[in-house]
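**Q** Got a structure for you, work-v8.pdb, holding PDB, C-alpha atoms.
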```pdb
ATOM      1  CA  MET A  25      89.780 109.957  67.765
ATOM      2  CA  ASN A  26      90.097 106.742  69.688
ATOM      3  CA  ALA A  27      91.451 106.699  73.189
ATOM      4  CA  ARG A  28      91.581 104.398  76.182
ATOM      5  CA  PRO A  29      91.861 105.191  79.877
ATOM      6  CA  LEU A  30      95.403 105.421  81.209
ATOM      7  CA  MET A  31      95.006 106.732  84.738
ATOM      8  CA  ARG A  32      93.230 109.015  87.124
ATOM      9  CA  LEU A  33      95.758 111.283  88.800
ATOM     10  CA  ARG A  34      94.926 113.064  92.053
ATOM     11  CA  LEU A  35      97.287 115.789  93.196
ATOM     12  CA  THR A  36      97.714 117.562  96.496
ATOM     13  CA  THR A  37      99.190 121.025  96.380
ATOM     14  CA  ALA A  38     100.834 123.485  98.756
ATOM     15  CA  ALA A  39     100.229 127.224  98.874
ATOM     16  CA  THR A  40     100.657 128.885  95.482
ATOM     17  CA  LEU A  41     103.798 130.936  94.953
ATOM     18  CA  GLU A  42     102.958 134.139  93.106
ATOM     19  CA  VAL A  43     106.028 135.002  91.052
ATOM     20  CA  GLY A  44     104.196 137.961  89.560
ATOM     21  CA  SER A  45     104.247 139.757  86.269
ATOM     22  CA  THR A  46     106.811 138.334  83.853
ATOM     23  CA  PRO A  47     107.326 139.039  80.134
ATOM     24  CA  HIS A  48     104.846 136.233  79.334
ATOM     25  CA  GLY A  49     102.166 137.123  81.855
ATOM     26  CA  MET A  50     101.390 136.576  85.531
ATOM     27  CA  LEU A  51     103.315 133.519  86.652
ATOM     28  CA  SER A  52     102.215 131.366  89.579
ATOM     29  CA  VAL A  53     103.839 128.165  90.786
ATOM     30  CA  PHE A  54     101.568 125.491  92.226
ATOM     31  CA  PRO A  55     103.802 123.157  94.248
ATOM     32  CA  ILE A  56     102.628 119.545  94.167
ATOM     33  CA  THR A  57     103.240 117.835  97.466
ATOM     34  CA  GLY A  58     101.899 114.385  96.675
ATOM     35  CA  GLY A  59      98.964 112.439  95.430
ATOM     36  CA  SER A  60      98.167 109.160  93.761
ATOM     37  CA  PHE A  61      97.409 107.671  90.381
ATOM     38  CA  ASP A  62      95.419 104.657  89.438
ATOM     39  CA  GLY A  63      94.715 102.869  86.185
ATOM     40  CA  GLU A  64      94.369  99.370  84.787
ATOM     41  CA  ARG A  65      98.047  99.206  83.823
ATOM     42  CA  LEU A  66      99.715 101.313  86.510
ATOM     43  CA  ARG A  67      99.123 102.759  89.927
ATOM     44  CA  GLY A  68     101.137 104.377  92.661
ATOM     45  CA  LEU A  69     102.011 107.618  94.371
ATOM     46  CA  VAL A  70     103.054 111.089  93.329
ATOM     47  CA  LEU A  71     106.446 112.027  94.757
ATOM     48  CA  GLY A  72     106.122 115.716  94.004
ATOM     49  CA  GLY A  73     106.680 118.420  91.468
ATOM     50  CA  ALA A  74     104.949 121.608  90.456
ATOM     51  CA  ASP A  75     102.787 123.262  87.839
ATOM     52  CA  TRP A  76     104.013 126.551  86.391
ATOM     53  CA  VAL A  77     100.912 128.506  85.462
ATOM     54  CA  THR A  78     100.988 131.635  83.323
ATOM     55  CA  ALA A  79      97.910 133.843  83.022
ATOM     56  CA  ALA A  80      97.524 134.750  79.373
ATOM     57  CA  GLY A  81      95.694 138.000  80.162
ATOM     58  CA  ASP A  82      92.427 136.970  78.499
ATOM     59  CA  GLY A  83      91.235 134.848  81.413
ATOM     60  CA  THR A  84      92.995 131.674  80.314
ATOM     61  CA  PHE A  85      96.004 129.981  81.876
ATOM     62  CA  GLU A  86      98.858 128.104  80.220
ATOM     63  CA  LEU A  87      99.979 125.122  82.288
ATOM     64  CA  ASP A  88     103.458 123.604  82.406
ATOM     65  CA  LEU A  89     103.687 120.733  84.887
ATOM     66  CA  ARG A  90     106.526 118.466  85.919
ATOM     67  CA  LEU A  91     106.318 115.744  88.505
ATOM     68  CA  THR A  92     107.605 112.321  89.449
ATOM     69  CA  LEU A  93     105.407 109.267  89.837
ATOM     70  CA  GLU A  94     106.380 106.102  91.694
ATOM     71  CA  THR A  95     104.510 102.946  90.772
ATOM     72  CA  ASP A  96     103.474 100.411  93.401
ATOM     73  CA  ASP A  97     106.305  98.154  92.170
ATOM     74  CA  GLY A  98     108.959 100.828  92.608
ATOM     75  CA  ALA A  99     109.398 102.271  89.098
ATOM     76  CA  LEU A 100     109.929 106.010  88.735
ATOM     77  CA  ILE A 101     108.158 107.877  85.932
ATOM     78  CA  HIS A 102     108.925 111.422  84.869
ATOM     79  CA  MET A 103     105.730 113.149  83.813
ATOM     80  CA  THR A 104     105.197 116.530  82.192
ATOM     81  CA  PHE A 105     102.264 118.250  80.646
ATOM     82  CA  SER A 106     101.384 121.436  78.889
ATOM     83  CA  GLY A 107      97.796 122.486  78.986
ATOM     84  CA  VAL A 108      95.128 125.130  79.051
ATOM     85  CA  ARG A 109      92.732 126.142  81.795
ATOM     86  CA  ASP A 110      89.855 128.444  80.991
ATOM     87  CA  ASP A 111      87.522 128.538  83.968
ATOM     88  CA  ALA A 112      84.905 130.708  82.229
ATOM     89  CA  ASN A 113      84.403 127.988  79.638
ATOM     90  CA  HIS A 114      85.053 125.032  81.951
ATOM     91  CA  TYR A 115      87.935 124.001  79.718
ATOM     92  CA  PHE A 116      90.854 122.314  81.517
ATOM     93  CA  ARG A 117      92.744 120.094  79.094
ATOM     94  CA  THR A 118      96.305 118.834  79.082
ATOM     95  CA  LEU A 119      98.803 116.907  76.970
ATOM     96  CA  PRO A 120     100.707 114.605  79.347
ATOM     97  CA  ARG A 121     103.987 112.968  78.390
ATOM     98  CA  PHE A 122     105.905 110.314  80.224
ATOM     99  CA  GLU A 123     109.486 109.098  80.406
ATOM    100  CA  THR A 124     110.668 106.021  82.225
ATOM    101  CA  ALA A 125     113.577 103.609  82.227
ATOM    102  CA  ALA A 126     111.522 100.783  83.751
ATOM    103  CA  PRO A 127     110.922  98.035  81.145
ATOM    104  CA  ASN A 128     107.449  97.264  82.541
ATOM    105  CA  TYR A 129     106.333 100.789  81.801
ATOM    106  CA  ALA A 130     108.248 101.406  78.547
ATOM    107  CA  PHE A 131     104.887 101.627  76.762
ATOM    108  CA  LEU A 132     104.549 105.076  78.352
ATOM    109  CA  ASN A 133     107.559 106.300  76.345
ATOM    110  CA  ARG A 134     105.707 105.468  73.144
ATOM    111  CA  LEU A 135     102.308 107.084  73.608
ATOM    112  CA  LEU A 136     100.662 110.463  73.441
ATOM    113  CA  ALA A 137      97.935 111.241  75.914
ATOM    114  CA  VAL A 138      95.300 113.824  76.732
ATOM    115  CA  GLY A 139      93.990 114.803  80.127
ATOM    116  CA  ILE A 140      90.789 116.337  81.383
ATOM    117  CA  GLY A 141      91.319 118.270  84.588
ATOM    118  CA  GLU A 142      88.882 119.054  87.344
ATOM    119  CA  VAL A 143      89.395 121.378  90.271
ATOM    120  CA  HIS A 144      88.425 119.705  93.540
ATOM    121  CA  PRO A 145      88.630 121.292  97.011
ATOM    122  CA  ASP A 146      91.530 118.999  97.974
ATOM    123  CA  GLY A 147      93.459 119.455  94.719
ATOM    124  CA  PRO A 148      93.219 118.882  90.995
ATOM    125  CA  VAL A 149      92.181 115.551  89.507
ATOM    126  CA  HIS A 150      93.272 114.609  85.987
ATOM    127  CA  THR A 151      91.606 111.886  83.961
ATOM    128  CA  ILE A 152      94.243 110.831  81.439
ATOM    129  CA  GLU A 153      93.609 108.811  78.298
ATOM    130  CA  GLU A 154      96.052 107.308  75.853
ATOM    131  CA  ILE A 155      95.537 108.412  72.246
ATOM    132  CA  LEU A 156      95.185 105.211  70.236
TER
ATOM    133  CA  MET B   2      87.397 111.733  75.027
ATOM    134  CA  ASN B   3      85.100 114.010  73.017
ATOM    135  CA  THR B   4      86.579 115.637  69.962
ATOM    136  CA  ARG B   5      85.489 117.361  66.805
ATOM    137  CA  LEU B   6      87.255 117.827  63.512
ATOM    138  CA  LEU B   7      89.341 120.980  63.330
ATOM    139  CA  MET B   8      91.058 120.497  59.981
ATOM    140  CA  THR B   9      92.773 118.192  57.589
ATOM    141  CA  LEU B  10      96.278 119.449  56.910
ATOM    142  CA  ARG B  11      98.357 118.254  53.979
ATOM    143  CA  VAL B  12     101.961 119.342  53.770
ATOM    144  CA  THR B  13     104.449 118.746  50.998
ATOM    145  CA  VAL B  14     108.062 118.126  51.898
ATOM    146  CA  ALA B  15     111.494 118.430  50.313
ATOM    147  CA  ALA B  16     114.412 116.034  50.713
ATOM    148  CA  PRO B  17     115.393 115.654  54.377
ATOM    149  CA  GLN B  18     118.549 117.188  55.773
ATOM    150  CA  THR B  19     120.225 114.421  57.759
ATOM    151  CA  ILE B  20     122.083 115.996  60.668
ATOM    152  CA  GLY B  21     123.056 112.540  61.888
ATOM    153  CA  ALA B  22     123.956 111.135  65.304
ATOM    154  CA  VAL B  23     123.411 113.693  68.065
ATOM    155  CA  PRO B  24     123.398 113.122  71.829
ATOM    156  CA  HIS B  25     119.682 112.208  71.953
ATOM    157  CA  GLY B  26     119.432 110.112  68.787
ATOM    158  CA  THR B  27     119.605 110.589  65.033
ATOM    159  CA  ARG B  28     118.423 113.974  63.882
ATOM    160  CA  ARG B  29     116.847 114.792  60.539
ATOM    161  CA  THR B  30     115.131 117.979  59.384
ATOM    162  CA  VAL B  31     112.438 117.814  56.743
ATOM    163  CA  PRO B  32     111.712 121.154  55.042
ATOM    164  CA  ILE B  33     108.056 121.848  54.319
ATOM    165  CA  THR B  34     107.555 123.283  50.857
ATOM    166  CA  GLY B  35     103.852 124.062  51.084
ATOM    167  CA  GLY B  36     100.480 122.529  51.626
ATOM    168  CA  ALA B  37      96.880 123.259  52.427
ATOM    169  CA  PHE B  38      94.406 122.873  55.271
ATOM    170  CA  GLU B  39      90.680 122.687  55.337
ATOM    171  CA  GLY B  40      88.083 122.323  58.050
ATOM    172  CA  PRO B  41      84.583 123.457  58.951
ATOM    173  CA  ARG B  42      85.846 126.694  60.504
ATOM    174  CA  LEU B  43      89.034 127.553  58.629
ATOM    175  CA  ARG B  44      90.959 126.810  55.487
ATOM    176  CA  GLY B  45      94.048 128.065  53.750
ATOM    177  CA  THR B  46      97.591 127.247  52.770
ATOM    178  CA  VAL B  47     100.897 126.368  54.404
ATOM    179  CA  LEU B  48     103.680 128.897  53.937
ATOM    180  CA  PRO B  49     106.954 127.236  52.997
ATOM    181  CA  ASP B  50     109.350 129.763  54.508
ATOM    182  CA  GLY B  51     110.379 128.671  57.975
ATOM    183  CA  SER B  52     108.152 125.609  58.046
ATOM    184  CA  ALA B  53     109.766 122.253  58.710
ATOM    185  CA  ASP B  54     109.568 119.127  60.803
ATOM    186  CA  TRP B  55     112.521 118.485  63.089
ATOM    187  CA  LEU B  56     112.800 114.735  63.594
ATOM    188  CA  LEU B  57     114.715 112.790  66.196
ATOM    189  CA  LEU B  58     114.971 109.020  65.969
ATOM    190  CA  ARG B  59     115.453 107.818  69.533
ATOM    191  CA  ALA B  60     117.491 104.833  70.634
ATOM    192  CA  ASP B  61     114.261 102.916  71.416
ATOM    193  CA  GLY B  62     113.157 103.176  67.782
ATOM    194  CA  VAL B  63     110.539 105.854  68.375
ATOM    195  CA  LEU B  64     110.640 108.860  66.056
ATOM    196  CA  GLU B  65     109.922 112.166  67.779
ATOM    197  CA  LEU B  66     108.469 114.875  65.555
ATOM    198  CA  ASP B  67     108.654 118.593  66.234
ATOM    199  CA  LEU B  68     106.805 120.370  63.475
ATOM    200  CA  ARG B  69     106.632 124.124  63.157
ATOM    201  CA  ALA B  70     104.674 125.662  60.329
ATOM    202  CA  THR B  71     103.043 128.944  59.396
ATOM    203  CA  LEU B  72      99.517 128.705  58.042
ATOM    204  CA  ARG B  73      97.686 131.452  56.179
ATOM    205  CA  THR B  74      93.897 131.354  56.175
ATOM    206  CA  ASP B  75      91.944 132.297  53.087
ATOM    207  CA  GLU B  76      91.070 135.522  54.943
ATOM    208  CA  GLY B  77      94.757 136.375  55.269
ATOM    209  CA  GLY B  78      95.265 135.508  58.951
ATOM    210  CA  LEU B  79      98.633 134.008  59.878
ATOM    211  CA  ILE B  80      98.719 131.107  62.311
ATOM    212  CA  SER B  81     101.847 129.723  63.903
ATOM    213  CA  MET B  82     101.500 125.999  64.472
ATOM    214  CA  ARG B  83     103.771 123.777  66.541
ATOM    215  CA  SER B  84     103.195 120.126  67.117
ATOM    216  CA  PHE B  85     105.025 117.462  68.991
ATOM    217  CA  GLY B  86     104.429 113.916  67.855
ATOM    218  CA  LEU B  87     105.504 110.307  67.909
ATOM    219  CA  ARG B  88     105.805 107.765  65.115
ATOM    220  CA  HIS B  89     106.667 104.104  65.499
ATOM    221  CA  GLY B  90     105.602 100.716  64.270
ATOM    222  CA  PRO B  91     106.750  97.257  63.253
ATOM    223  CA  PRO B  92     110.196  97.326  61.550
ATOM    224  CA  ASP B  93     108.861  96.148  58.165
ATOM    225  CA  VAL B  94     106.203  98.890  58.159
ATOM    226  CA  ILE B  95     108.716 101.582  59.090
ATOM    227  CA  ALA B  96     111.057 100.277  56.357
ATOM    228  CA  ALA B  97     108.239 100.462  53.782
ATOM    229  CA  LEU B  98     107.535 104.072  54.834
ATOM    230  CA  ALA B  99     111.232 104.886  54.449
ATOM    231  CA  ARG B 100     111.104 103.526  50.897
ATOM    232  CA  GLY B 101     108.214 105.878  50.155
ATOM    233  CA  GLU B 102     105.664 103.109  49.729
ATOM    234  CA  ALA B 103     101.963 103.602  50.410
ATOM    235  CA  VAL B 104     101.196 102.127  53.844
ATOM    236  CA  ASP B 105      97.874 101.867  55.638
ATOM    237  CA  PRO B 106      98.183 104.464  58.450
ATOM    238  CA  ALA B 107      96.495 102.003  60.806
ATOM    239  CA  ALA B 108      99.640  99.834  60.547
ATOM    240  CA  TYR B 109     101.742 102.258  62.599
ATOM    241  CA  TYR B 110     101.392 104.827  65.373
ATOM    242  CA  PHE B 111     101.641 108.401  64.107
ATOM    243  CA  ARG B 112     100.060 110.899  66.470
ATOM    244  CA  THR B 113     100.761 114.545  67.156
ATOM    245  CA  THR B 114      99.487 117.276  69.469
ATOM    246  CA  PRO B 115      99.272 120.583  67.590
ATOM    247  CA  ARG B 116      99.083 123.940  69.337
ATOM    248  CA  PHE B 117      98.327 127.186  67.558
ATOM    249  CA  GLU B 118      99.108 130.867  68.069
ATOM    250  CA  THR B 119      97.518 133.688  66.160
ATOM    251  CA  ALA B 120      96.769 137.389  66.431
ATOM    252  CA  HIS B 121      94.006 137.209  63.844
ATOM    253  CA  PRO B 122      90.659 137.832  65.619
ATOM    254  CA  ALA B 123      88.703 135.374  63.473
ATOM    255  CA  CYS B 124      91.064 132.571  64.488
ATOM    256  CA  ALA B 125      91.589 133.574  68.127
ATOM    257  CA  PHE B 126      89.749 130.453  69.316
ATOM    258  CA  LEU B 127      92.810 128.478  68.206
ATOM    259  CA  ASN B 128      95.013 130.080  70.861
ATOM    260  CA  HIS B 129      93.480 128.054  73.675
ATOM    261  CA  LEU B 130      92.746 124.758  72.004
ATOM    262  CA  ILE B 131      94.285 121.449  72.879
ATOM    263  CA  THR B 132      94.242 119.264  69.789
ATOM    264  CA  VAL B 133      95.346 115.799  68.731
ATOM    265  CA  ALA B 134      96.116 114.551  65.251
ATOM    266  CA  THR B 135      96.460 111.272  63.455
ATOM    267  CA  GLY B 136      99.084 111.238  60.737
ATOM    268  CA  ASP B 137      99.200 109.440  57.402
ATOM    269  CA  ARG B 138     102.728 109.495  56.049
ATOM    270  CA  ARG B 139     102.740 109.697  52.247
ATOM    271  CA  ALA B 140     105.759 109.915  49.982
ATOM    272  CA  GLU B 141     104.876 113.503  48.999
ATOM    273  CA  GLY B 142     104.325 114.541  52.623
ATOM    274  CA  PRO B 143     102.149 113.737  55.604
ATOM    275  CA  ILE B 144      98.420 114.293  55.967
ATOM    276  CA  TYR B 145      97.238 115.214  59.457
ATOM    277  CA  THR B 146      93.652 114.884  60.591
ATOM    278  CA  ILE B 147      93.461 117.289  63.511
ATOM    279  CA  HIS B 148      90.739 117.087  66.124
ATOM    280  CA  GLU B 149      89.958 119.629  68.789
ATOM    281  CA  LEU B 150      89.676 118.177  72.281
ATOM    282  CA  LEU B 151      86.287 119.291  73.595
TER
END
```
Write the structure described by the file as structure tokens, please.
**A**
Amino acid sequence: MNARPLMRLRLTTAATLEVGSTPHGMLSVFPITGGSFDGERLRGLVLGGADWVTAAGDGTFELDLRLTLETDDGALIHMTFSGVRDDANHYFRTLPRFETAAPNYAFLNRLLAVGIGEVHPDGPVHTIEEIL
Amino acid sequence: MNTRLLMTLRVTVAAPQTIGAVPHGTRRTVPITGGAFEGPRLRGTVLPDGSADWLLLRADGVLELDLRATLRTDEGGLISMRSFGLRHGPPDVIAALARGEAVDPAAYYFRTTPRFETAHPACAFLNHLITVATGDRRAEGPIYTIHELL
């Protein structure tokens, strides 16, 4: 597979909300309070959102994130991802998708991407690449 | 991005059901009539019942794909596969595909992100894999080369 860097996304989070045991597993909500993103073709700030995390019961977590990005030239981008986090195997991978109405960033509407996540003390960092 | 081959999946399709103009675009459903998959760790067939690709042609010319298929391994394990994808390209290339002509898959963008669910112990590793696929749209049905994201 060929890919090229899209952005590095750094998120800051607030205290986790433990929703508890639901029909699909233990659900936690990780509120995203801000952050930044930076790449060759786009950069800016994270306006906020959250990641809905369900523990699968076998030590892995299913991720379901939604947030809003604002580029340094004022465009808003709706971003979502689904993903998997398996700390025992150091596997933290996501499938980001983007939607925007800004013509300068319309290329985001037309691509699929993958992300590699890392847990840092000040919040998660996602290295996102466009699938070519 | 480090990946390794998971499988090559060939599906055969029947005539599309054109739902037509819906609020988000033009919707078409393509029934899957069968197929086969093969990779270093698993191989088997595609079950036709309930397998299809739900397509939505957006106003910006991008085709969204939402494939759901049931796979059966040669050991008898059932795997539920869902994949979201995008297909787009130059108008003449897309028109040639629509006419069923053979087109070099490098001439258009056809990528999907399959996820798998299974209860079969031998295939349990699939439950937590993030994968990406490149598609090659043939007249008889698409061929997906699916790579596991390492």
**Q** Starting from the PyMOL selection byres ((chain A and resi 117) around 9), expand the selection into actual residues of this file and give them as a list in words.
**A**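 Applied to this file, the PyMOL selection byres ((chain A and resi 117) around 9) returns Ser106, Gly107, Val108, Arg109, Tyr115, Phe116, Thr118, Leu119, Val138, Gly139, Ile140, Gly141 and His150 of chain A; Leu130, Ile131, Leu150 and Leu151 of chain B.
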**Q** Please produce a file of those selected residues containing C-alpha atoms, as a tab-separated table (two decimals), in the frame of the given file.
**A**
```tsv
chain	number	residue	atom	x	y	z
A	106	SER	CA	101.38	121.44	78.89
A	107	GLY	CA	97.80	122.49	78.99
A	108	VAL	CA	95.13	125.13	79.05
A	109	ARG	CA	92.73	126.14	81.80
A	115	TYR	CA	87.94	124.00	79.72
A	116	PHE	CA	90.85	122.31	81.52
A	118	THR	CA	96.30	118.83	79.08
A	119	LEU	CA	98.80	116.91	76.97
A	138	VAL	CA	95.30	113.82	76.73
A	139	GLY	CA	93.99	114.80	80.13
A	140	ILE	CA	90.79	116.34	81.38
A	141	GLY	CA	91.32	118.27	84.59
A	150	HIS	CA	93.27	114.61	85.99
B	130	LEU	CA	92.75	124.76	72.00
B	131	ILE	CA	94.28	121.45	72.88
B	150	LEU	CA	89.68	118.18	72.28
B	151	LEU	CA	86.29	119.29	73.60
```
**Q** What's the 10 Å shell around Gly44 of chain A, counting only C-alpha atoms, without same-chain residues fewer than 6 positions away, as a PyMOL selection string?
**A** chain A and resi 50-53+78-79
**Q** Calculated over all atoms listed in the file, which of the candidates A:Ser45, A:Asn26, A:Thr40, A:Ser60 has the smallest distance to chain B?
**A**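 Using all atoms listed in the file, the shortest distance to chain B belongs to A:Asn26.
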**Q** Suppose a student applies the PyMOL selection byres ((chain A) within 12 of (chain B)) to this structure; what residues should they get, written as a count of residues only?
**A** 51
**Q** Have a look at atom CA of Thr30 of chain B and atom CA of Ile95 of chain B and let me know their distance in Å, one decimal.
**A**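 So the two atoms, atom CA of Thr30 of chain B and atom CA of Ile95 of chain B, lie 17.6 Å apart.
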**Q** Take atom CA of Asp54 of chain B and atom CA of Ala120 of chain B and report the distance between them in Å, one decimal.
**A**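 Separating atom CA of Asp54 of chain B from atom CA of Ala120 of chain B is a distance of 23.0 Å.
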**Q** List every protein, DNA or RNA residue with an atom no more than 7 Å from (96.7, 112.7, 88.9) in the file's coordinates, counting only C-alpha atoms, and format the result as a PDB file with C-alpha atoms, in the coordinates of the input.
**A**
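As written to disk, out-v3.pdb reads:
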```
ATOM      1  CA  ARG A  32      93.230 109.015  87.124  1.00  0.00           C
ATOM      2  CA  LEU A  33      95.758 111.283  88.800  1.00  0.00           C
ATOM      3  CA  ARG A  34      94.926 113.064  92.053  1.00  0.00           C
ATOM      4  CA  LEU A  35      97.287 115.789  93.196  1.00  0.00           C
ATOM      5  CA  GLY A  59      98.964 112.439  95.430  1.00  0.00           C
ATOM      6  CA  SER A  60      98.167 109.160  93.761  1.00  0.00           C
ATOM      7  CA  PHE A  61      97.409 107.671  90.381  1.00  0.00           C
ATOM      8  CA  VAL A 149      92.181 115.551  89.507  1.00  0.00           C
ATOM      9  CA  HIS A 150      93.272 114.609  85.987  1.00  0.00           C
TER      10      HIS A 150
END
```
**Q** From the list B:Glu118, B:Glu141, B:Glu39, B:Asp67, which residue is nearest Glu102 of chain B when using only C-alpha atoms?
**A**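 Among the listed residues, the smallest separation from Glu102 of chain B belongs to B:Glu141.
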**Q** Taking (109.9, 105.2, 88.4) in the file's own coordinates, collect the residues within 9 Å, counting only C-alpha atoms, and hand them back as a PyMOL selection string.
**A** chain A and resi 92-95+97-102+123-126+129
**Q** Report the distance between atom CA of Val70 of chain A and atom CA of Ala112 of chain A in Å, rounded to one decimal place.
**A**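 The value is 28.9 Å.
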**Q** With the file shown as input, list the residues that the PyMOL selection byres ((chain A and resi 36) around 6) selects, as a ChimeraX atom specification.
**A** /A:35,37,56-59,147
**Q** Restricted to C-alpha atoms, what would the selected residues look like written as a compact mmCIF listing (two decimals), keeping the file's coordinate frame?
**A**
```
# COMPACT_ATOMS: atom_id res chain seq x y z
CA LEU A 35 97.29 115.79 93.20
CA THR A 37 99.19 121.02 96.38
CA ILE A 56 102.63 119.54 94.17
CA THR A 57 103.24 117.84 97.47
CA GLY A 58 101.90 114.38 96.68
CA GLY A 59 98.96 112.44 95.43
CA GLY A 147 93.46 119.46 94.72
```
**Q** Which one of B:Gly45, B:Gly21, B:Gly51, B:Pro91 sits closest to Ile33 of chain B if you count all atoms listed in the file?
**A** B:Gly51
**Q** Using 4 Å of padding on each side, determine the axis-aligned box around all atoms of segment 126-133 of chain A present in the file and give its centre and edge lengths in Å to one decimal, as AutoDock Vina command-line options.
**A**
```
--center_x 108.0 --center_y 101.8 --center_z 80.0 --size_x 15.0 --size_y 17.0 --size_z 15.4
```
**Q** Out of B:Gly40, B:Gly78, B:Gly142, B:Pro17, which residue has the shortest atom-to-atom distance to His121 of chain B when counting all atoms listed in the file?
**A**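 Checking each candidate against His121 of chain B, we get B:Gly78 as the closest.
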**Q** Which neighbours of Val47 of chain B fall inside 12 Å, counting only C-alpha atoms, when residues of the same chain fewer than 3 positions from it are skipped, and could you give them as a ChimeraX atom specification?
**A** /B:9-14,33-39,44,50-53,69-75,77-82
**Q** Would you export the selected residues with C-alpha atoms as a short mmCIF file (atom, residue, chain, number, x, y, z; two decimals), in the frame of the given file, please?
**A**
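Written out: out17.cif:
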```
data_model
loop_
_atom_site.label_atom_id
_atom_site.label_comp_id
_atom_site.auth_asym_id
_atom_site.auth_seq_id
_atom_site.Cartn_x
_atom_site.Cartn_y
_atom_site.Cartn_z
CA THR B 9 92.77 118.19 57.59
CA LEU B 10 96.28 119.45 56.91
CA ARG B 11 98.36 118.25 53.98
CA VAL B 12 101.96 119.34 53.77
CA THR B 13 104.45 118.75 51.00
CA VAL B 14 108.06 118.13 51.90
CA ILE B 33 108.06 121.85 54.32
CA THR B 34 107.56 123.28 50.86
CA GLY B 35 103.85 124.06 51.08
CA GLY B 36 100.48 122.53 51.63
CA ALA B 37 96.88 123.26 52.43
CA PHE B 38 94.41 122.87 55.27
CA GLU B 39 90.68 122.69 55.34
CA ARG B 44 90.96 126.81 55.49
CA ASP B 50 109.35 129.76 54.51
CA GLY B 51 110.38 128.67 57.98
CA SER B 52 108.15 125.61 58.05
CA ALA B 53 109.77 122.25 58.71
CA ARG B 69 106.63 124.12 63.16
CA ALA B 70 104.67 125.66 60.33
CA THR B 71 103.04 128.94 59.40
CA LEU B 72 99.52 128.71 58.04
CA ARG B 73 97.69 131.45 56.18
CA THR B 74 93.90 131.35 56.18
CA ASP B 75 91.94 132.30 53.09
CA GLY B 77 94.76 136.38 55.27
CA GLY B 78 95.26 135.51 58.95
CA LEU B 79 98.63 134.01 59.88
CA ILE B 80 98.72 131.11 62.31
CA SER B 81 101.85 129.72 63.90
CA MET B 82 101.50 126.00 64.47
#
```
**Q** Give the answer as one residue: which of B:Tyr145, B:Pro24, B:Asp105, B:Pro92 has the shortest atom-to-atom distance to Leu68 of chain B, using all atoms listed in the file?
**A**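 Closest to Leu68 of chain B of all the choices is B:Tyr145.
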**Q** Between B:Leu66, B:Leu43, B:Ile144, B:Leu48, which residue has the minimum interatomic distance to Pro106 of chain B, considering all atoms listed in the file?
**A**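 Among the listed residues, B:Ile144 lies closest to Pro106 of chain B.
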